[in-house]
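This is coords-v6.cif (mmCIF, C-alpha atoms (C1' of nucleotides)).
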data_my_file
loop_
_atom_site.label_atom_id
_atom_site.label_comp_id
_atom_site.auth_asym_id
_atom_site.auth_seq_id
_atom_site.Cartn_x
_atom_site.Cartn_y
_atom_site.Cartn_z
CA MET A 1 7.02 -51.05 -13.47
CA ALA A 2 4.22 -52.86 -15.27
CA THR A 3 3.59 -55.86 -13.06
CA ASP A 4 4.51 -54.64 -9.61
CA ARG A 5 1.75 -52.09 -9.17
CA ARG A 6 0.72 -54.00 -6.11
CA LYS A 7 4.19 -53.90 -4.69
CA MET A 8 4.44 -50.16 -5.27
CA ILE A 9 1.16 -49.64 -3.47
CA VAL A 10 2.30 -51.63 -0.47
CA GLU A 11 5.61 -49.80 -0.38
CA ALA A 12 3.98 -46.41 -0.63
CA ALA A 13 1.47 -47.26 2.07
CA THR A 14 4.17 -48.62 4.35
CA LYS A 15 6.16 -45.45 3.98
CA SER A 16 3.14 -43.28 4.65
CA PHE A 17 1.93 -45.29 7.64
CA SER A 18 5.42 -45.12 9.10
CA LEU A 19 5.67 -41.40 8.57
CA PHE A 20 2.19 -40.19 9.44
CA GLY A 21 0.39 -43.10 11.08
CA TYR A 22 -2.78 -44.87 10.04
CA LYS A 23 -5.39 -42.16 10.30
CA ALA A 24 -3.30 -39.41 8.78
CA THR A 25 -2.50 -41.54 5.74
CA THR A 26 -5.00 -40.92 2.96
CA MET A 27 -5.68 -43.21 0.06
CA ASP A 28 -5.10 -40.32 -2.35
CA GLN A 29 -1.66 -39.86 -0.86
CA VAL A 30 -0.86 -43.54 -1.17
CA ALA A 31 -2.01 -43.53 -4.78
CA LYS A 32 0.12 -40.52 -5.58
CA LEU A 33 3.17 -41.93 -3.78
CA ALA A 34 2.73 -45.21 -5.61
CA ASN A 35 2.24 -43.47 -8.98
CA VAL A 36 -1.04 -45.22 -9.39
CA GLY A 37 -4.67 -44.24 -9.76
CA LYS A 38 -6.65 -44.46 -6.57
CA GLY A 39 -9.01 -47.01 -8.08
CA THR A 40 -6.11 -49.37 -8.67
CA ILE A 41 -5.57 -49.73 -4.95
CA TYR A 42 -9.09 -51.08 -4.68
CA THR A 43 -8.44 -53.77 -7.26
CA PHE A 44 -5.85 -55.26 -4.89
CA PHE A 45 -7.32 -54.42 -1.51
CA LYS A 46 -10.93 -54.35 -0.42
CA ASN A 47 -10.37 -51.23 1.67
CA LYS A 48 -7.88 -49.23 3.70
CA GLU A 49 -7.96 -51.62 6.61
CA GLU A 50 -7.14 -54.63 4.46
CA LEU A 51 -4.14 -52.80 3.02
CA PHE A 52 -3.08 -52.11 6.59
CA GLU A 53 -3.50 -55.77 7.50
CA GLU A 54 -1.20 -56.88 4.71
CA ILE A 55 1.47 -54.48 5.84
CA ILE A 56 1.22 -55.59 9.45
CA SER A 57 1.38 -59.17 8.32
CA SER A 58 4.70 -58.47 6.61
CA LEU A 59 5.91 -56.69 9.68
CA VAL A 60 5.11 -59.68 11.83
CA LYS A 61 7.01 -61.94 9.43
CA GLU A 62 9.97 -59.60 9.58
CA MET A 63 9.88 -59.63 13.37
CA MET A 64 9.83 -63.40 13.50
CA ALA A 65 12.78 -63.60 11.14
CA GLU A 66 14.70 -61.17 13.34
CA ALA A 67 13.95 -63.23 16.41
CA GLU A 68 14.87 -66.44 14.66
CA ALA A 69 18.17 -65.01 13.44
CA VAL A 70 19.33 -64.35 16.96
CA ILE A 71 18.84 -67.89 18.20
CA GLN A 72 21.96 -70.03 18.54
CA PRO A 73 21.50 -73.79 18.67
CA ASP A 74 24.38 -74.40 21.07
CA VAL A 75 23.31 -72.13 23.93
CA PRO A 76 20.79 -73.08 26.64
CA PHE A 77 17.12 -72.72 25.80
CA THR A 78 16.35 -70.04 28.39
CA GLU A 79 19.14 -67.89 27.08
CA ASN A 80 17.76 -68.14 23.59
CA VAL A 81 14.32 -67.13 24.75
CA HIS A 82 15.89 -64.10 26.30
CA HIS A 83 17.77 -63.23 23.11
CA ALA A 84 14.66 -63.66 21.00
CA LEU A 85 12.44 -61.59 23.28
CA TYR A 86 15.08 -58.95 23.57
CA ARG A 87 15.32 -58.73 19.81
CA LEU A 88 11.56 -58.56 19.45
CA LEU A 89 11.20 -55.67 21.84
CA GLU A 90 14.20 -53.95 20.37
CA PHE A 91 12.54 -54.28 17.01
CA ARG A 92 9.41 -52.74 18.40
CA SER A 93 11.27 -49.77 19.76
CA GLN A 94 13.41 -49.21 16.67
CA HIS A 95 11.16 -49.91 13.74
CA GLN A 96 9.67 -46.70 12.43
CA LEU A 97 6.25 -48.15 11.67
CA MET A 98 5.96 -49.71 15.11
CA ILE A 99 7.00 -46.51 16.83
CA LYS A 100 4.40 -44.54 14.93
CA LEU A 101 1.63 -47.04 15.61
CA VAL A 102 2.32 -47.24 19.33
CA GLN A 103 2.35 -43.47 19.45
CA GLU A 104 -0.91 -43.26 17.54
CA GLU A 105 -2.54 -45.72 19.89
CA THR A 106 -1.61 -43.86 23.05
CA GLU A 107 -2.21 -40.37 21.70
CA MET A 108 -5.29 -40.85 19.58
CA GLY A 109 -6.57 -44.29 20.45
CA THR A 110 -7.31 -45.16 16.81
CA LEU A 111 -9.34 -48.35 16.93
CA ALA A 112 -7.87 -50.04 13.88
CA VAL A 113 -4.40 -49.43 15.28
CA SER A 114 -5.25 -50.88 18.70
CA GLU A 115 -6.57 -53.99 17.05
CA MET A 116 -3.46 -54.40 14.94
CA LEU A 117 -1.10 -53.99 17.87
CA GLN A 118 -3.14 -56.52 19.78
CA HIS A 119 -2.79 -58.87 16.86
CA VAL A 120 0.97 -58.40 16.78
CA GLU A 121 1.14 -59.23 20.47
CA ASP A 122 -0.88 -62.38 19.92
CA GLU A 123 1.49 -63.44 17.16
CA ILE A 124 4.49 -62.96 19.40
CA ILE A 125 2.87 -65.08 22.08
CA ALA A 126 2.09 -67.79 19.52
CA TYR A 127 5.73 -67.73 18.42
CA LEU A 128 6.96 -68.07 21.98
CA LYS A 129 4.56 -70.90 22.61
CA LYS A 130 5.88 -72.83 19.65
CA LYS A 131 9.43 -72.43 20.95
CA ILE A 132 8.48 -73.51 24.44
CA ASP A 133 6.56 -76.52 23.18
CA LEU A 134 9.64 -77.59 21.26
CA ALA A 135 11.91 -77.21 24.26
CA ILE A 136 9.58 -79.33 26.35
CA ALA A 137 9.50 -82.02 23.69
CA LYS A 138 13.28 -82.06 23.79
CA GLY A 139 13.28 -82.25 27.58
CA ALA A 140 15.14 -78.99 27.98
CA ILE A 141 12.58 -77.63 30.43
CA PRO A 142 9.82 -79.25 32.50
CA PRO A 143 6.36 -79.46 30.91
CA THR A 144 3.88 -76.69 31.73
CA ASP A 145 0.83 -74.95 30.36
CA THR A 146 2.68 -73.38 27.46
CA GLU A 147 -0.16 -71.05 26.55
CA LEU A 148 0.05 -69.58 30.00
CA SER A 149 3.79 -69.40 30.25
CA SER A 150 4.27 -67.75 26.86
CA PHE A 151 1.64 -65.20 27.82
CA LEU A 152 3.31 -64.48 31.15
CA LEU A 153 6.74 -64.38 29.62
CA LEU A 154 5.80 -61.59 27.24
CA LYS A 155 3.81 -59.63 29.79
CA MET A 156 6.66 -59.74 32.24
CA TYR A 157 9.19 -58.85 29.65
CA ILE A 158 7.22 -55.79 28.62
CA ALA A 159 6.69 -54.78 32.24
CA LEU A 160 10.40 -55.12 32.94
CA VAL A 161 11.68 -53.14 30.00
CA SER A 162 9.06 -50.43 29.83
CA ASP A 163 7.12 -49.98 33.08
CA TRP A 164 10.04 -50.66 35.37
CA GLU A 165 12.17 -47.96 33.85
CA ARG A 166 9.65 -45.27 34.68
CA ASN A 167 10.66 -45.45 38.35
CA HIS A 168 13.94 -47.37 38.48
CA GLN A 169 17.35 -47.98 37.00
CA PRO A 170 17.11 -50.18 33.91
CA LEU A 171 17.75 -53.84 34.60
CA SER A 172 20.76 -55.55 33.13
CA SER A 173 20.29 -58.14 30.47
CA GLU A 174 21.51 -60.77 32.95
CA GLN A 175 18.91 -59.85 35.52
CA ILE A 176 16.13 -60.10 32.98
CA ALA A 177 17.41 -63.47 31.79
CA GLU A 178 17.55 -64.71 35.36
CA ILE A 179 13.98 -63.71 36.06
CA MET A 180 12.75 -65.48 32.97
CA LYS A 181 14.62 -68.61 33.87
CA VAL A 182 12.74 -68.78 37.16
CA PHE A 183 9.59 -68.96 35.10
CA LEU A 184 10.64 -71.51 32.60
CA VAL A 185 12.39 -74.02 34.79
CA ASN A 186 9.73 -74.16 37.48
CA ASP A 187 6.49 -75.99 36.99
CA LEU A 188 3.39 -73.89 36.60
CA PRO A 189 0.02 -75.54 37.20
CA LYS A 190 -1.73 -76.95 34.16
CA MET B 1 -23.87 -29.57 60.67
CA ALA B 2 -21.80 -26.64 61.88
CA THR B 3 -18.37 -28.16 62.29
CA ASP B 4 -18.20 -30.88 59.65
CA ARG B 5 -18.39 -28.68 56.60
CA ARG B 6 -15.15 -30.20 55.47
CA LYS B 7 -16.51 -33.70 55.88
CA MET B 8 -19.62 -32.83 53.89
CA ILE B 9 -17.51 -31.47 51.07
CA VAL B 10 -15.41 -34.59 50.92
CA GLU B 11 -18.48 -36.80 50.96
CA ALA B 12 -20.19 -34.80 48.25
CA ALA B 13 -17.11 -34.83 46.08
CA THR B 14 -16.60 -38.56 46.59
CA LYS B 15 -20.17 -39.23 45.55
CA SER B 16 -19.87 -37.03 42.48
CA PHE B 17 -16.49 -38.42 41.39
CA SER B 18 -17.90 -41.92 41.75
CA LEU B 19 -20.98 -41.08 39.75
CA PHE B 20 -19.63 -38.84 37.01
CA GLY B 21 -15.85 -39.09 37.13
CA TYR B 22 -13.29 -36.36 37.72
CA LYS B 23 -13.74 -34.11 34.73
CA ALA B 24 -17.51 -34.19 34.74
CA THR B 25 -17.67 -33.20 38.40
CA THR B 26 -17.92 -29.44 38.81
CA MET B 27 -17.08 -27.48 41.89
CA ASP B 28 -20.52 -25.85 41.77
CA GLN B 29 -22.08 -29.27 41.87
CA VAL B 30 -19.93 -30.35 44.80
CA ALA B 31 -20.82 -27.16 46.66
CA LYS B 32 -24.53 -27.69 46.05
CA LEU B 33 -24.38 -31.36 47.03
CA ALA B 34 -22.50 -30.44 50.18
CA ASN B 35 -24.91 -27.60 51.02
CA VAL B 36 -22.02 -25.20 51.11
CA GLY B 37 -20.99 -22.06 49.31
CA LYS B 38 -18.43 -22.72 46.61
CA GLY B 39 -15.91 -20.45 48.26
CA THR B 40 -15.98 -22.64 51.35
CA ILE B 41 -14.45 -25.52 49.44
CA TYR B 42 -11.45 -23.33 48.75
CA THR B 43 -10.87 -22.64 52.42
CA PHE B 44 -10.20 -26.35 52.91
CA PHE B 45 -8.62 -27.28 49.59
CA LYS B 46 -6.29 -25.29 47.40
CA ASN B 47 -8.01 -26.50 44.25
CA LYS B 48 -9.97 -29.29 42.63
CA GLU B 49 -6.94 -31.53 42.29
CA GLU B 50 -6.08 -31.31 45.96
CA LEU B 51 -9.62 -32.29 46.87
CA PHE B 52 -9.21 -35.25 44.55
CA GLU B 53 -5.93 -36.17 46.18
CA GLU B 54 -7.49 -36.26 49.62
CA ILE B 55 -10.21 -38.58 48.40
CA ILE B 56 -7.77 -40.91 46.69
CA SER B 57 -5.66 -40.95 49.82
CA SER B 58 -8.67 -42.17 51.82
CA LEU B 59 -9.38 -44.73 49.16
CA VAL B 60 -5.85 -46.07 49.40
CA LYS B 61 -6.16 -46.32 53.17
CA GLU B 62 -9.41 -48.21 52.74
CA MET B 63 -7.78 -50.59 50.28
CA MET B 64 -4.91 -51.32 52.62
CA ALA B 65 -7.30 -52.00 55.48
CA GLU B 66 -9.23 -54.43 53.25
CA ALA B 67 -6.05 -56.23 52.31
CA GLU B 68 -4.88 -56.35 55.88
CA ALA B 69 -8.20 -57.74 57.10
CA VAL B 70 -7.87 -60.76 54.88
CA ILE B 71 -4.49 -61.85 56.17
CA GLN B 72 -4.44 -64.77 58.58
CA PRO B 73 -1.33 -65.19 60.74
CA ASP B 74 -1.47 -69.00 60.75
CA VAL B 75 -1.44 -69.64 56.99
CA PRO B 76 1.70 -69.71 54.81
CA PHE B 77 3.05 -66.38 53.63
CA THR B 78 2.54 -67.01 49.92
CA GLU B 79 -1.09 -67.83 50.51
CA ASN B 80 -1.57 -64.59 52.39
CA VAL B 81 -0.01 -62.63 49.57
CA HIS B 82 -2.48 -64.23 47.25
CA HIS B 83 -5.40 -63.39 49.51
CA ALA B 84 -4.28 -59.80 49.91
CA LEU B 85 -3.70 -59.27 46.21
CA TYR B 86 -6.95 -60.92 45.36
CA ARG B 87 -8.77 -58.66 47.78
CA LEU B 88 -7.03 -55.59 46.36
CA LEU B 89 -8.01 -56.34 42.80
CA GLU B 90 -11.49 -57.32 43.84
CA PHE B 91 -11.73 -53.97 45.56
CA ARG B 92 -10.63 -52.28 42.40
CA SER B 93 -13.27 -54.01 40.34
CA GLN B 94 -16.07 -53.47 42.83
CA HIS B 95 -15.53 -50.02 44.21
CA GLN B 96 -17.63 -47.51 42.33
CA LEU B 97 -15.04 -44.73 42.40
CA MET B 98 -12.32 -47.01 41.11
CA ILE B 99 -14.49 -48.33 38.31
CA LYS B 100 -15.34 -44.82 37.22
CA LEU B 101 -11.74 -43.65 37.30
CA VAL B 102 -10.43 -46.61 35.33
CA GLN B 103 -13.15 -46.02 32.79
CA GLU B 104 -12.34 -42.31 32.58
CA GLU B 105 -8.69 -43.07 32.04
CA THR B 106 -9.23 -45.46 29.14
CA GLU B 107 -12.03 -43.51 27.48
CA MET B 108 -10.90 -39.94 27.93
CA GLY B 109 -7.32 -40.16 29.14
CA THR B 110 -7.81 -37.43 31.73
CA LEU B 111 -4.31 -36.58 32.93
CA ALA B 112 -5.13 -36.01 36.60
CA VAL B 113 -6.85 -39.38 36.67
CA SER B 114 -3.93 -41.21 35.08
CA GLU B 115 -1.59 -39.73 37.65
CA MET B 116 -3.84 -40.77 40.52
CA LEU B 117 -4.21 -44.34 39.29
CA GLN B 118 -0.46 -44.51 38.89
CA HIS B 119 -0.12 -43.32 42.45
CA VAL B 120 -2.53 -45.99 43.69
CA GLU B 121 -0.48 -48.63 41.91
CA ASP B 122 2.70 -47.37 43.51
CA GLU B 123 1.08 -47.54 46.93
CA ILE B 124 0.04 -51.13 46.37
CA ILE B 125 3.56 -52.04 45.35
CA ALA B 126 4.94 -50.32 48.45
CA TYR B 127 2.50 -52.27 50.59
CA LEU B 128 3.52 -55.56 49.00
CA LYS B 129 7.16 -54.73 49.45
CA LYS B 130 6.68 -54.14 53.15
CA LYS B 131 5.02 -57.55 53.48
CA ILE B 132 7.72 -59.30 51.54
CA ASP B 133 10.48 -57.63 53.52
CA LEU B 134 8.84 -58.86 56.68
CA ALA B 135 8.55 -62.40 55.41
CA ILE B 136 12.21 -62.43 54.48
CA ALA B 137 13.20 -61.16 57.90
CA LYS B 138 11.23 -64.03 59.40
CA GLY B 139 12.90 -66.50 57.06
CA ALA B 140 9.62 -67.52 55.44
CA ILE B 141 10.98 -66.98 51.94
CA PRO B 142 14.48 -66.58 50.52
CA PRO B 143 15.87 -63.03 50.31
CA THR B 144 15.49 -61.21 46.98
CA ASP B 145 15.30 -57.75 45.53
CA THR B 146 11.97 -56.95 47.15
CA GLU B 147 11.42 -53.82 45.09
CA LEU B 148 11.60 -55.91 41.97
CA SER B 149 9.54 -58.82 43.20
CA SER B 150 6.71 -56.67 44.53
CA PHE B 151 6.62 -54.86 41.20
CA LEU B 152 6.55 -58.11 39.26
CA LEU B 153 4.00 -59.64 41.55
CA LEU B 154 1.49 -56.89 40.92
CA LYS B 155 2.13 -56.71 37.20
CA MET B 156 1.65 -60.43 36.85
CA TYR B 157 -1.42 -60.42 38.95
CA ILE B 158 -3.03 -57.72 36.85
CA ALA B 159 -2.03 -59.46 33.63
CA LEU B 160 -3.51 -62.72 34.86
CA VAL B 161 -6.84 -61.37 36.00
CA SER B 162 -7.48 -58.80 33.31
CA ASP B 163 -5.47 -59.38 30.13
CA TRP B 164 -5.63 -63.15 30.26
CA GLU B 165 -9.38 -63.23 30.36
CA ARG B 166 -9.69 -61.39 27.09
CA ASN B 167 -8.65 -64.53 25.21
CA HIS B 168 -8.95 -67.39 27.68
CA GLN B 169 -10.93 -69.06 30.40
CA PRO B 170 -10.40 -67.31 33.73
CA LEU B 171 -7.79 -68.93 35.93
CA SER B 172 -8.77 -70.50 39.19
CA SER B 173 -7.65 -68.92 42.41
CA GLU B 174 -5.39 -71.94 43.03
CA GLN B 175 -3.63 -71.52 39.70
CA ILE B 176 -2.93 -67.89 40.38
CA ALA B 177 -1.63 -68.69 43.85
CA GLU B 178 0.63 -71.36 42.42
CA ILE B 179 2.12 -69.00 39.86
CA MET B 180 2.89 -66.44 42.51
CA LYS B 181 4.50 -68.99 44.72
CA VAL B 182 6.96 -69.86 41.97
CA PHE B 183 8.03 -66.25 42.09
CA LEU B 184 8.35 -65.83 45.77
CA VAL B 185 10.14 -69.03 46.69
CA ASN B 186 12.77 -68.79 43.95
CA ASP B 187 15.65 -66.41 44.15
CA LEU B 188 15.63 -63.47 41.84
CA PRO B 189 18.91 -61.67 41.19
CA LYS B 190 19.69 -58.64 43.37
"C1'" DC C 1 -11.53 -56.46 -23.76
"C1'" DC C 2 -9.66 -55.73 -19.34
"C1'" DG C 3 -6.64 -53.28 -16.26
"C1'" DT C 4 -6.48 -48.60 -14.99
"C1'" DT C 5 -8.03 -44.24 -13.93
"C1'" DG C 6 -9.64 -39.91 -11.65
"C1'" DA C 7 -14.03 -37.18 -11.40
"C1'" DC C 8 -17.58 -37.86 -8.37
"C1'" DC C 9 -20.46 -38.67 -4.06
"C1'" DA C 10 -22.04 -39.52 0.63
"C1'" DT C 11 -20.12 -39.22 4.77
"C1'" DT C 12 -16.77 -37.86 8.09
"C1'" DT C 13 -13.42 -34.60 9.76
"C1'" DT C 14 -11.67 -30.21 10.43
"C1'" DA C 15 -11.55 -25.19 11.14
"C1'" DG C 16 -13.49 -21.17 12.69
"C1'" DT C 17 -16.65 -18.89 15.60
"C1'" DT C 18 -19.92 -18.10 19.19
"C1'" DT C 19 -21.95 -19.53 23.50
"C1'" DT C 20 -21.79 -21.81 27.73
"C1'" DT C 21 -19.55 -23.65 31.52
"C1'" DT C 22 -15.83 -23.97 34.86
"C1'" DG C 23 -12.31 -23.30 38.36
"C1'" DG C 24 -11.06 -19.99 41.21
"C1'" DT C 25 -11.33 -15.11 43.58
"C1'" DC C 26 -12.85 -11.66 46.71
"C1'" DA C 27 -15.90 -7.91 48.28
"C1'" DC C 28 -19.55 -8.38 51.07
"C1'" DT C 29 -22.74 -10.49 54.59
"C1'" DT C 30 -23.80 -12.68 58.92
"C1'" DA D 1 -13.95 -14.64 61.34
"C1'" DA D 2 -16.22 -17.82 58.73
"C1'" DG D 3 -18.97 -18.33 54.95
"C1'" DT D 4 -20.92 -16.99 50.66
"C1'" DG D 5 -22.24 -16.47 45.78
"C1'" DA D 6 -21.86 -12.85 42.03
"C1'" DC D 7 -18.21 -12.26 39.17
"C1'" DC D 8 -14.17 -13.02 35.88
"C1'" DA D 9 -10.78 -14.90 32.81
"C1'" DA D 10 -9.99 -19.05 30.72
"C1'" DA D 11 -11.48 -23.37 28.96
"C1'" DA D 12 -14.77 -26.29 26.90
"C1'" DA D 13 -18.90 -27.26 24.25
"C1'" DA D 14 -21.97 -26.39 20.60
"C1'" DC D 15 -22.74 -25.01 16.15
"C1'" DT D 16 -21.80 -24.39 11.51
"C1'" DA D 17 -19.61 -24.08 7.11
"C1'" DA D 18 -15.97 -25.71 4.50
"C1'" DA D 19 -12.71 -29.16 3.30
"C1'" DA D 20 -11.12 -33.72 3.03
"C1'" DT D 21 -11.70 -38.75 2.81
"C1'" DG D 22 -12.82 -43.55 1.68
"C1'" DG D 23 -14.82 -45.79 -1.70
"C1'" DT D 24 -17.37 -46.28 -6.49
"C1'" DC D 25 -17.86 -46.63 -11.34
"C1'" DA D 26 -18.47 -44.87 -16.13
"C1'" DA D 27 -15.15 -43.85 -19.31
"C1'" DC D 28 -10.64 -44.65 -21.36
"C1'" DG D 29 -6.75 -46.56 -23.91
"C1'" DG D 30 -3.46 -50.06 -24.94
#
What does the file become when written as structure tokens?
Amino acid sequence: MATDRRKMIVEAATKSFSLFGYKATTMDQVAKLANVGKGTIYTFFKNKEELFEEIISSLVKEMMAEAEAVIQPDVPFTENVHHALYRLLEFRSQHQLMIKLVQEETEMGTLAVSEMLQHVEDEIIAYLKKKIDLAIAKGAIPPTDTELSSFLLLKMYIALVSDWERNHQPLSSEQIAEIMKVFLVNDLPK
Amino acid sequence: MATDRRKMIVEAATKSFSLFGYKATTMDQVAKLANVGKGTIYTFFKNKEELFEEIISSLVKEMMAEAEAVIQPDVPFTENVHHALYRLLEFRSQHQLMIKLVQEETEMGTLAVSEMLQHVEDEIIAYLKKKIDLAIAKGAIPPTDTELSSFLLLKMYIALVSDWERNHQPLSSEQIAEIMKVFLVNDLPK
DNA sequence: CCGTTGACCATTTTAGTTTTTTGGTCACTT
DNA sequence: AAGTGACCAAAAAACTAAAATGGTCAACGG
């Protein structure tokens, strides 16, 4: 209880952000939840936003670990990309903090939240790019502009699992995998 | 001036929506601009939203005509799709009413506006689908789920011309065309 | 001493209230 | 019959007072 004041703060803030969102979480509340004086928070974090950043950073790490865990070395590359993306979006739709943040963005348009979600998306794209670069190096797929294809991959994935379902039957996992394969195995212009 | 009261109303409303957006346009203002008593508007339109619908419907017709005008019968199908889509998005980014509505949606989230923009998107997809169906019938491209590919085509296009440019150099027209071709000439699952 | 604290402050947000504006109607005019 | 604008209930804007919030820092205690 002595040394992990910082940890308690982060845990309290995470809980509060998940429950009430960014704006509705007050620093007083975090301090109380963490059993800590409010001033103490400011010895570890410059301000509310920096505390938020640290929490999002952990969340991103957790997401990457989840994606990584689902990859199997003995299945084809495109299938693994599908598994990883699927896991990432599943994470997004199941993780309490993510749910709350997405909700807060659409309903209130909180700026700090929009920026963070944008950052998370960028991280996912960077992760995908790394994977694609590796697959190209191994000769598993033809070389392309990996920045572009990781970007498109995520955008399409999101469109397929969220926008599509507004007007249509959900697509099967196989269909989604097939669509992505078309992307990855065909050359895009550099 | 006697018979085209209806026309004057529509023109006045179009001008006002383009200038101030949907919410900020009042029926009094439209009546004044149209040189018409307010009650007269309600003999032609049930309410404000229906007036809006009529205007959007014209706008969609105009968009389709623009797209159609750019199609050349003697160039490959995929190139025509590119031209048409390019024209459609150019229209969106140049037409005063569209600009204002997109702005109003992101800044104020006006419900009626969101619904209309959604409707416009659906119309574009329907238009694309018709074109793709035709191309398949002619054997220009392999058969696919045309509902799905028209949806994906538009989503990708929008991602490439708007989201991509937030972090990257704009793509050349050739690059965009090439990406779309990959889609259209490869089989997607039914 | 130094890590911790909570009273304190300037600023922002909220709540409550009044005033104005708006979409829509309809009795009246032309 | 076609057109109108004064009129109304409902919604939005403007105003204000009160409360809450992020952040600071002098004081505290181990």
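Comparing the minimum interatomic distances between DG3 (chain D) and each of C:DT21, C:DT30, C:DT5, C:DT14, counting all atoms listed in the file, we find that C:DT30 sits nearest.
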- Residue hits in chain A, query chain D, radius 10 Å, all atoms listed in the file, as a PyMOL selection string: chain A and resi 26-28+38-39+42+46-48
- Item | Of the listed residues A:Val185, A:Ala24, A:Ile179, A:Leu117, that which approaches chain C most closely, counting only C-alpha atoms (C1' of nucleotides) |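 Closest to chain C, using only C-alpha atoms (C1' of nucleotides): A:Ala24.
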So that all listed atoms of region 66-72 of chain A fit with 5 Å spare on each side, what axis-aligned box centre and edge lengths in Å, to one decimal, would you give as JSON?
{"center_x": 18.0, "center_y": -65.6, "center_z": 15.9, "size_x": 18.0, "size_y": 18.9, "size_z": 15.2}
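Note that CA of Ala135 (chain A) and CA of Pro76 (chain A) are 10.1 Å apart.
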Could you produce a table of the residues of chain C lying within 12 Å of chain A, with the nearest pair of atoms per residue and their separation in Å rounded to one decimal, using all atoms listed in the file, ordered by chain and increasing residue number, as a Markdown table?
| residue | atom | partner | partner_atom | distance |
| --- | --- | --- | --- | --- |
| C:DG3 | C1' | A:Thr40 | CA | 8.6 |
| C:DT4 | C1' | A:Thr40 | CA | 6.4 |
| C:DT5 | C1' | A:Gly37 | CA | 5.4 |
| C:DG6 | C1' | A:Gly37 | CA | 6.9 |
| C:DA7 | C1' | A:Lys38 | CA | 11.4 |
| C:DT13 | C1' | A:Lys23 | CA | 11.0 |
- Quick one: which residues end up in the PyMOL selection byres ((chain B) within 9 of (chain A)) for this structure, as a PyMOL selection string? chain B and resi 107+148+151-152+155-156+159-160+164+174-176+178-179+182-183+186-190
- Task: Counting only C-alpha atoms (C1' of nucleotides), note down every residue that has an atom within 10 Å of the point (-11.1, -45.1, 36.8) (file coordinates), as a PyMOL selection string.
- Result: chain B and resi 17-18+21-22+92-93+95-107+109-110+113-114+116-117
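C1' of DT12 (chain C) is found 19.3 Å from CA of Val30 (chain A).
Reported to one decimal place, the separation of CA of Ile56 (chain A) from CA of Val120 (chain A) is 7.9 Å.
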- Message: Under the PyMOL selection byres ((chain B and resi 57) around 12), which residues of this model are included? Write them out as number ranges by chain.
- Response: B: 10, 14, 50-56, 58-64, 116-117, 119-120, 123
- Message: Can you tell me which residues surround Glu66 (chain B) at a distance of at most 9 Å, considering all atoms listed in the file, apart from same-chain residues fewer than 5 positions away, and format the answer as an MDAnalysis selection string?
- Response: chainID B and resid 61 84 87:88 91
- Within 9 Å of Met8 (chain B), counting all atoms listed in the file, which residues qualify if same-chain residues fewer than 5 places away don't, as a list in words? Met1, Ala13, Leu33, Ala34, Asn35 and Val36 of chain B
